[in-house]
Amino acid sequence: KDSVFFARCGYNVSAFDISDAGIEKTKRLAEKANVFVDVFKVNIWDFRLERKYDILFSSGVLHYIKPEIKEEIFANYKSFTEIGGINALHCFVDKPFISEVPGKESHSQHWKSGQLFMLYHDWYIIKCSEYVFNCNSAGIPHKHAANRMYARKMMQGLSAENKISIKQT
């Protein structure tokens, strides 16, 4: 639904999913909205960008990236973002006061607080926030902690003071 939203806003959109159901849902929603989304099937572990984008958006996926390949994947994302482009990212984070999520997949790896922010230490941070929210997936009430970050790729040569702007929410 996010990719169709961006397409409806006039963006040329490429989107990927690992599941056939996700691909088909995107195609159905795009057809219903009368927009085009270049959607394809791929595993996030294996996929690397090969052309530059103005916006990279990810929500509900980053916790599937294996810890040992996070830096490689984000180096790729950052290098294939246009100067002035934005990476808008959302990931689940571990918090000691939140119990294990019921039915958590074994290949799901929550991030540590600040980990996403640190991968973008050399970009202008438009906004970075961490929050806790209620969920009822699988019919079992529970909580999640998440990190949301919007970062802009700046031209090289800016000083660190000009790159970081943190706003508490």
# chains A, B, ... in the order shown; residues from 1 in each chain; ligands from 1
$ select_by_dssp --residues "range 52-114 of chain A" --states "alpha helix (DSSP H)" --output "ChimeraX atom specification"
/A:70-79
$ closest_residue --among "A:Ser14, A:Ser59, A:Ser137, A:Asn147" --to "Leu116 in chain A" --atoms "only C-alpha atoms"
A:Asn147
$ residues_around --residues "Ala7 in chain A" --least-positions-apart "5" --cutoff "7 Å" --atoms "only C-alpha atoms" --output "list of chain:residue names"
A:Asn12, A:Val13, A:Val35, A:Phe36, A:Val37
$ select_by_dssp --residues "range 16-136 of chain A" --states "strand (DSSP E or B)" --output "ChimeraX atom specification"
/A:16-17,37-41,53-59,81-93,111,124-135
$ write_last_selection --atoms "C-alpha atoms" --output "tab-separated table (two decimals), in the first residue's frame"
chain	number	residue	atom	x	y	z
A	16	PHE	CA	10.03	-5.35	-3.81
A	17	ASP	CA	8.70	-8.07	-1.57
A	37	VAL	CA	4.43	0.33	-9.61
A	38	ASP	CA	7.48	-1.59	-10.82
A	39	VAL	CA	7.14	-4.41	-8.30
A	40	PHE	CA	9.37	-7.46	-8.18
A	41	LYS	CA	10.13	-10.42	-5.94
A	53	TYR	CA	16.87	6.93	-6.20
A	54	ASP	CA	15.59	10.20	-4.76
A	55	ILE	CA	13.72	8.47	-1.92
A	56	LEU	CA	14.24	5.13	-0.22
A	57	PHE	CA	11.34	4.15	2.02
A	58	SER	CA	11.18	1.09	4.23
A	59	SER	CA	8.69	0.15	6.93
A	81	THR	CA	20.62	7.70	-3.00
A	82	GLU	CA	20.87	10.92	-5.04
A	83	ILE	CA	22.48	13.98	-3.44
A	84	GLY	CA	19.62	15.71	-1.62
A	85	GLY	CA	17.67	12.44	-1.56
A	86	ILE	CA	15.95	11.07	1.52
A	87	ASN	CA	15.98	7.71	3.27
A	88	ALA	CA	12.78	7.29	5.32
A	89	LEU	CA	13.18	4.22	7.51
A	90	HIS	CA	11.31	2.40	10.25
A	91	CYS	CA	12.61	-0.53	12.29
A	92	PHE	CA	11.70	-2.41	15.45
A	93	VAL	CA	14.11	-2.00	18.37
A	111	TRP	CA	17.70	-3.40	16.15
A	124	TYR	CA	21.67	15.28	7.75
A	125	ILE	CA	19.15	13.77	10.16
A	126	ILE	CA	15.80	15.45	9.51
A	127	LYS	CA	14.06	13.55	12.27
A	128	CYS	CA	14.84	10.52	14.40
A	129	SER	CA	12.42	9.23	17.01
A	130	GLU	CA	11.89	6.12	19.06
A	131	TYR	CA	8.52	5.17	20.44
A	132	VAL	CA	6.49	2.34	21.97
A	133	PHE	CA	3.12	1.30	20.59
A	134	ASN	CA	0.40	-1.24	21.29
A	135	CYS	CA	-0.26	-4.09	18.88
$ atom_distance --atom1 "CA of Glu71 in chain A" --atom2 "CA of Tyr11 in chain A"
27.7 Å
$ closest_residue --among "A:Arg51, A:Asn34, A:Asn76, A:Tyr64" --to "Ile18 in chain A" --atoms "only C-alpha atoms"
A:Tyr64
$ residues_around --residues "Glu72 in chain A" --least-positions-apart "5" --cutoff "12 Å" --atoms "only C-alpha atoms" --output "list of chain:residue names"
A:Ile44, A:Trp45, A:Asp46, A:Phe47, A:Arg48, A:Leu49, A:Ile65, A:Lys66, A:Pro67, A:Tyr77, A:Lys78, A:Ser79, A:Leu119
$ closest_residue --among "A:His121, A:Arg152, A:His142, A:Lys112" --to "His63 in chain A" --atoms "only C-alpha atoms"
A:Lys112
$ atom_distance --atom1 "CA of Ala15 in chain A" --atom2 "CA of Lys143 in chain A"
28.2 Å
$ closest_residue --among "A:Val42, A:Met155, A:Val61, A:Ala138" --to "Asp20 in chain A" --atoms "only C-alpha atoms"
A:Val42
$ closest_residue --among "A:Tyr120, A:Ser113, A:Thr26, A:Ile73" --to "Ala146 in chain A" --atoms "only C-alpha atoms"
A:Ser113
$ decode --residues "range 74-90 of chain A" --atoms "N, CA, C and O atoms" --output "compact mmCIF listing (two decimals), in the first residue's frame"
# COMPACT_ATOMS: atom_id res chain seq x y z
N PHE A 74 23.27 -1.10 4.04
CA PHE A 74 23.04 0.34 4.18
C PHE A 74 24.10 1.16 3.47
O PHE A 74 23.81 2.27 3.00
N ALA A 75 25.30 0.65 3.32
CA ALA A 75 26.30 1.34 2.49
C ALA A 75 25.80 1.38 1.05
O ALA A 75 25.93 2.41 0.36
N ASN A 76 25.18 0.29 0.59
CA ASN A 76 24.61 0.25 -0.75
C ASN A 76 23.46 1.25 -0.87
O ASN A 76 23.41 2.04 -1.82
N TYR A 77 22.54 1.25 0.08
CA TYR A 77 21.40 2.17 0.03
C TYR A 77 21.88 3.62 0.00
O TYR A 77 21.38 4.44 -0.77
N LYS A 78 22.85 3.93 0.85
CA LYS A 78 23.34 5.30 0.92
C LYS A 78 24.04 5.71 -0.37
O LYS A 78 23.87 6.83 -0.84
N SER A 79 24.83 4.81 -0.95
CA SER A 79 25.55 5.18 -2.17
C SER A 79 24.63 5.31 -3.38
O SER A 79 24.95 6.01 -4.33
N PHE A 80 23.46 4.66 -3.35
CA PHE A 80 22.52 4.75 -4.45
C PHE A 80 21.34 5.68 -4.15
O PHE A 80 20.27 5.54 -4.72
N THR A 81 21.58 6.62 -3.25
CA THR A 81 20.62 7.70 -3.00
C THR A 81 21.21 8.96 -3.61
O THR A 81 22.38 9.27 -3.40
N GLU A 82 20.42 9.68 -4.40
CA GLU A 82 20.87 10.92 -5.04
C GLU A 82 21.24 11.96 -3.98
O GLU A 82 20.68 11.96 -2.87
N ILE A 83 22.16 12.85 -4.31
CA ILE A 83 22.48 13.98 -3.44
C ILE A 83 21.17 14.75 -3.21
O ILE A 83 20.43 15.03 -4.15
N GLY A 84 20.87 15.04 -1.97
CA GLY A 84 19.62 15.71 -1.62
C GLY A 84 18.47 14.75 -1.42
O GLY A 84 17.40 15.14 -0.98
N GLY A 85 18.71 13.46 -1.72
CA GLY A 85 17.67 12.44 -1.56
C GLY A 85 17.46 12.08 -0.10
O GLY A 85 18.27 12.41 0.77
N ILE A 86 16.35 11.40 0.15
CA ILE A 86 15.95 11.07 1.52
C ILE A 86 15.82 9.56 1.69
O ILE A 86 15.31 8.87 0.81
N ASN A 87 16.26 9.07 2.84
CA ASN A 87 15.98 7.71 3.27
C ASN A 87 15.02 7.82 4.44
O ASN A 87 15.34 8.45 5.45
N ALA A 88 13.82 7.28 4.28
CA ALA A 88 12.78 7.29 5.32
C ALA A 88 12.64 5.85 5.80
O ALA A 88 12.18 4.99 5.05
N LEU A 89 13.05 5.60 7.03
CA LEU A 89 13.18 4.22 7.51
C LEU A 89 12.50 4.01 8.85
O LEU A 89 12.49 4.90 9.70
N HIS A 90 11.99 2.80 9.03
CA HIS A 90 11.31 2.40 10.25
C HIS A 90 11.79 1.01 10.62
O HIS A 90 11.83 0.12 9.76
